[in-house]
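**Student:** Sharing a structure, written as structure tokens. Questions coming.
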Amino acid sequence: MTIQEVQTLLDRLPRQILCSRDTPLTRMERLEQQIKAGSLYIKRDDLNGVGPGGNKVRPLEYLLGEARARSSDVIIASGQDNSNLCSIAASACCRLGMRCILVHNSKKPDQLSGNALLNALSQVEEHYIGSVSEKERNEYVDLLKIKLKQDGKTPYVIENGASTVHGAVGYLHLPMELMRQREDESAPITDLFVPGGNGGLAAGIVFGTALLNHPFNVHVITVEHTGEKLEQIIDSLTKGMEQYLGISLPVPVQSVMTVHGGYRGEGWGISTKESDHMISLLAREEGIFLEPVYTSKTLWGMCDLLHRGEVKSRGACMIHSGGFASLFYRNLISESFH
Ligand SMILES: *Cc1c(COP(=O)(O)O)cnc(C)c1O
């Protein structure tokens, strides 16, 4: 499909526009001198202008669009107190004048910092329900929804940290933008490096890339699950997107993506020596801040794969998915900076 055809496909879905401009594409010349593996770019999806910026703004455009189309008058998002999704959802709702309730499966922190501070500043309603499991949190959300309905409200729940089929379609815009930018800015980009948590971002980018006839190779760096598990998740999300959009992909997603499972260390939120090093490297060489959970592991994966020649690329581009506030969350950053 052409960019225009994909755009037409998306135009059928309800959308609340939150970022109307393409996010910047920047070359990292000083990093290139260090890595010595061809041209390196970063797409600043963190600079999309909602709250702390970044991840989940693209899916929220479609999820909140759907909520509006269903005449919902209250949005419920859930996650731990440091959840990026929660703070972005709160900021997006503030911007659109929608009521928002956050449900946190953690204790109320003694000191507000990171995303918890941003949520407090946004003055949305917050329910701290203690450090319970995700399952118990979802049960709490179900009860809250019933209660709101009894009060005559129409709640809309953002499921699974926005990593859902209906949210992932928002990321189709990213490969479309990048194809245009590659042309306009004569940027020889052949390979994308993206973070993979619950797989929504990766699934959307991979789906779009397959739909647009494979303009890039997509490398997914897992920050949470094993490579195998994440590949299954992406597979099932992209199958769901085929159904939702009523189309079939011209090529299997496996032909445009490679999932790399070797950079997640001990899992979600646990930084590694190398990922911590990437945070200071990029701050020092490029004046760009990464964070410990997603983006620093993605950059480490990109640099390592290129440097060792496992990925041979004429031009590599990392997607900066934001998450800035978790730099300030308790002790996510390991001891190496002390
Ligand atoms: C949520 C998030 C992502 C993407 O996560 P998926 O669950 O894989 O869609 C990437 N970066 C940041 C900073 C995030 O908060």
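By order of appearance in the structure tokens: chains A, B, ..., then residues from 1 within every chain, and ligands from 1 in the order shown.
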What residues of the protein or nucleic acid chains come within 8 Å of ligand 1 when you use only C-alpha atoms and all ligand atoms? Reply as a list in words.
**Tutor:**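 Checked against 8 Å with only C-alpha atoms and all ligand atoms; the hits are Gly54, Asn55, Lys56, Ser83, Asn84, Leu85, Gly161, Ala162, Ser163, Ala168, Pro195, Gly196, Gly197, Asn198, Gly199, Gly200, Leu201, Ala202, Ala203, Glu291, Val293, Tyr294, Thr295, His320, Ser321, Gly322, Gly323 and Phe324 of chain A.
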**Student:** Any chance you could list, as number ranges by chain, the residues in stretch 21-159 of chain A that come up strand (DSSP E) when DSSP is run on the backbone?
**Tutor:** A: 25-27, 39-43, 74-78, 99-104, 125-128, 155-157
**Student:** Return the single residue from A:Gln254, A:Leu211, A:Trp300, A:Phe289 that is closest to A:Thr272, with distances computed using only C-alpha atoms.
**Tutor:**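 Answer, going by the shortest atom-to-atom distance: A:Trp300.
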**Student:** Just checking: using only C-alpha atoms, which residue out of A:His219, A:His173, A:His260, A:Arg27 ends up closest to A:Asp11?
**Tutor:**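 Answer, going by the shortest atom-to-atom distance: A:His173.
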**Student:** Fewer than 2 positions away in the same chain doesn't count, so skip those; otherwise give me all residues within 12 Å of A:Lys153, counting only C-alpha atoms, as a PyMOL selection string.
**Tutor:** chain A and resi 70-75+99+144-151+155-156
**Student:** Mind the document's chain letters and residue numbers, and return as a PyMOL selection string the residues of stretch 18-246 of chain A that DSSP labels alpha helix (DSSP H).
**Tutor:** chain A and resi 29-35+57-69+84-96+114-122+134-150+165-168+173-184+200-211+227-245
**Student:** Generate a file of the selected residues that holds C-alpha atoms, formatted as a compact mmCIF listing (two decimals), in the first residue's frame.
**Tutor:**
# COMPACT_ATOMS: atom_id res chain seq x y z
CA GLU A 29 26.88 12.68 14.50
CA ARG A 30 28.81 12.63 17.74
CA LEU A 31 27.47 9.19 18.61
CA GLU A 32 28.46 8.02 15.09
CA GLN A 33 32.08 8.85 15.88
CA GLN A 34 31.92 6.60 18.94
CA ILE A 35 30.08 3.64 17.43
CA VAL A 57 0.29 9.39 22.81
CA ARG A 58 -0.21 7.77 19.40
CA PRO A 59 -2.41 4.94 20.77
CA LEU A 60 -4.28 7.37 23.02
CA GLU A 61 -5.34 9.39 19.97
CA TYR A 62 -7.33 6.36 18.82
CA LEU A 63 -8.44 5.08 22.23
CA LEU A 64 -9.71 8.48 23.34
CA GLY A 65 -11.23 8.94 19.89
CA GLU A 66 -13.14 5.71 20.43
CA ALA A 67 -14.13 6.86 23.93
CA ARG A 68 -15.55 10.12 22.52
CA ALA A 69 -17.34 8.25 19.74
CA ASN A 84 4.16 6.30 31.99
CA LEU A 85 0.78 5.35 30.55
CA CYS A 86 -1.02 6.81 33.58
CA SER A 87 0.70 10.18 33.45
CA ILE A 88 0.35 10.52 29.67
CA ALA A 89 -3.33 9.50 29.86
CA ALA A 90 -3.88 12.09 32.59
CA SER A 91 -2.20 14.85 30.54
CA ALA A 92 -4.07 13.86 27.37
CA CYS A 93 -7.41 13.94 29.22
CA CYS A 94 -6.56 17.34 30.72
CA ARG A 95 -5.78 18.65 27.27
CA LEU A 96 -9.08 17.33 25.86
CA GLY A 114 8.57 11.22 38.69
CA ASN A 115 5.19 10.37 37.19
CA ALA A 116 3.48 10.42 40.61
CA LEU A 117 4.34 14.11 40.87
CA LEU A 118 3.08 14.81 37.33
CA ASN A 119 -0.21 13.05 38.14
CA ALA A 120 -0.65 15.12 41.28
CA LEU A 121 0.00 18.31 39.30
CA SER A 122 -2.58 17.23 36.72
CA GLU A 134 -2.37 -6.82 38.07
CA LYS A 135 -5.30 -9.24 38.21
CA GLU A 136 -6.58 -7.72 41.47
CA ARG A 137 -6.11 -4.24 40.02
CA ASN A 138 -8.23 -5.19 37.01
CA GLU A 139 -10.93 -6.52 39.33
CA TYR A 140 -10.91 -3.19 41.17
CA VAL A 141 -11.27 -1.37 37.85
CA ASP A 142 -14.22 -3.61 36.89
CA LEU A 143 -16.01 -2.75 40.14
CA LEU A 144 -15.26 0.94 39.71
CA LYS A 145 -16.73 0.79 36.23
CA ILE A 146 -19.95 -0.81 37.54
CA LYS A 147 -20.22 1.83 40.24
CA LEU A 148 -19.76 4.68 37.76
CA LYS A 149 -22.43 3.18 35.51
CA GLN A 150 -24.84 2.99 38.46
CA VAL A 165 -5.19 -3.78 18.91
CA HIS A 166 -7.25 -0.57 18.93
CA GLY A 167 -4.32 1.38 20.43
CA ALA A 168 -1.55 -0.10 18.29
CA HIS A 173 1.62 6.78 11.55
CA LEU A 174 5.24 6.36 12.60
CA PRO A 175 6.58 4.42 9.58
CA MET A 176 4.48 6.69 7.33
CA GLU A 177 6.13 9.79 8.81
CA LEU A 178 9.55 8.24 8.63
CA MET A 179 9.19 7.33 4.93
CA ARG A 180 8.37 10.96 4.17
CA GLN A 181 11.17 12.28 6.38
CA ARG A 182 13.69 9.86 4.88
CA GLU A 183 12.86 11.30 1.48
CA ASP A 184 12.63 14.98 2.49
CA GLY A 200 1.82 -2.47 21.30
CA LEU A 201 4.36 -0.02 19.93
CA ALA A 202 6.33 -2.75 18.16
CA ALA A 203 3.21 -4.39 16.71
CA GLY A 204 1.96 -1.10 15.27
CA ILE A 205 5.29 -0.20 13.70
CA VAL A 206 5.85 -3.70 12.33
CA PHE A 207 2.29 -3.84 10.95
CA GLY A 208 2.68 -0.46 9.26
CA THR A 209 6.05 -1.43 7.84
CA ALA A 210 4.65 -4.64 6.37
CA LEU A 211 1.65 -2.76 4.95
CA GLY A 227 12.24 -12.78 22.60
CA GLU A 228 10.03 -15.79 21.93
CA LYS A 229 7.20 -14.56 24.14
CA LEU A 230 7.27 -11.05 22.68
CA GLU A 231 7.22 -12.44 19.15
CA GLN A 232 4.03 -14.37 20.01
CA ILE A 233 2.46 -11.22 21.48
CA ILE A 234 3.32 -9.17 18.38
CA ASP A 235 1.99 -11.94 16.16
CA SER A 236 -1.35 -12.01 17.93
CA LEU A 237 -1.67 -8.20 18.03
CA THR A 238 -0.96 -7.92 14.31
CA LYS A 239 -3.50 -10.67 13.53
CA GLY A 240 -6.01 -8.69 15.59
CA MET A 241 -5.16 -5.55 13.62
CA GLU A 242 -5.80 -7.37 10.32
CA GLN A 243 -9.27 -8.26 11.57
CA TYR A 244 -9.97 -4.83 13.05
CA LEU A 245 -8.95 -3.01 9.87
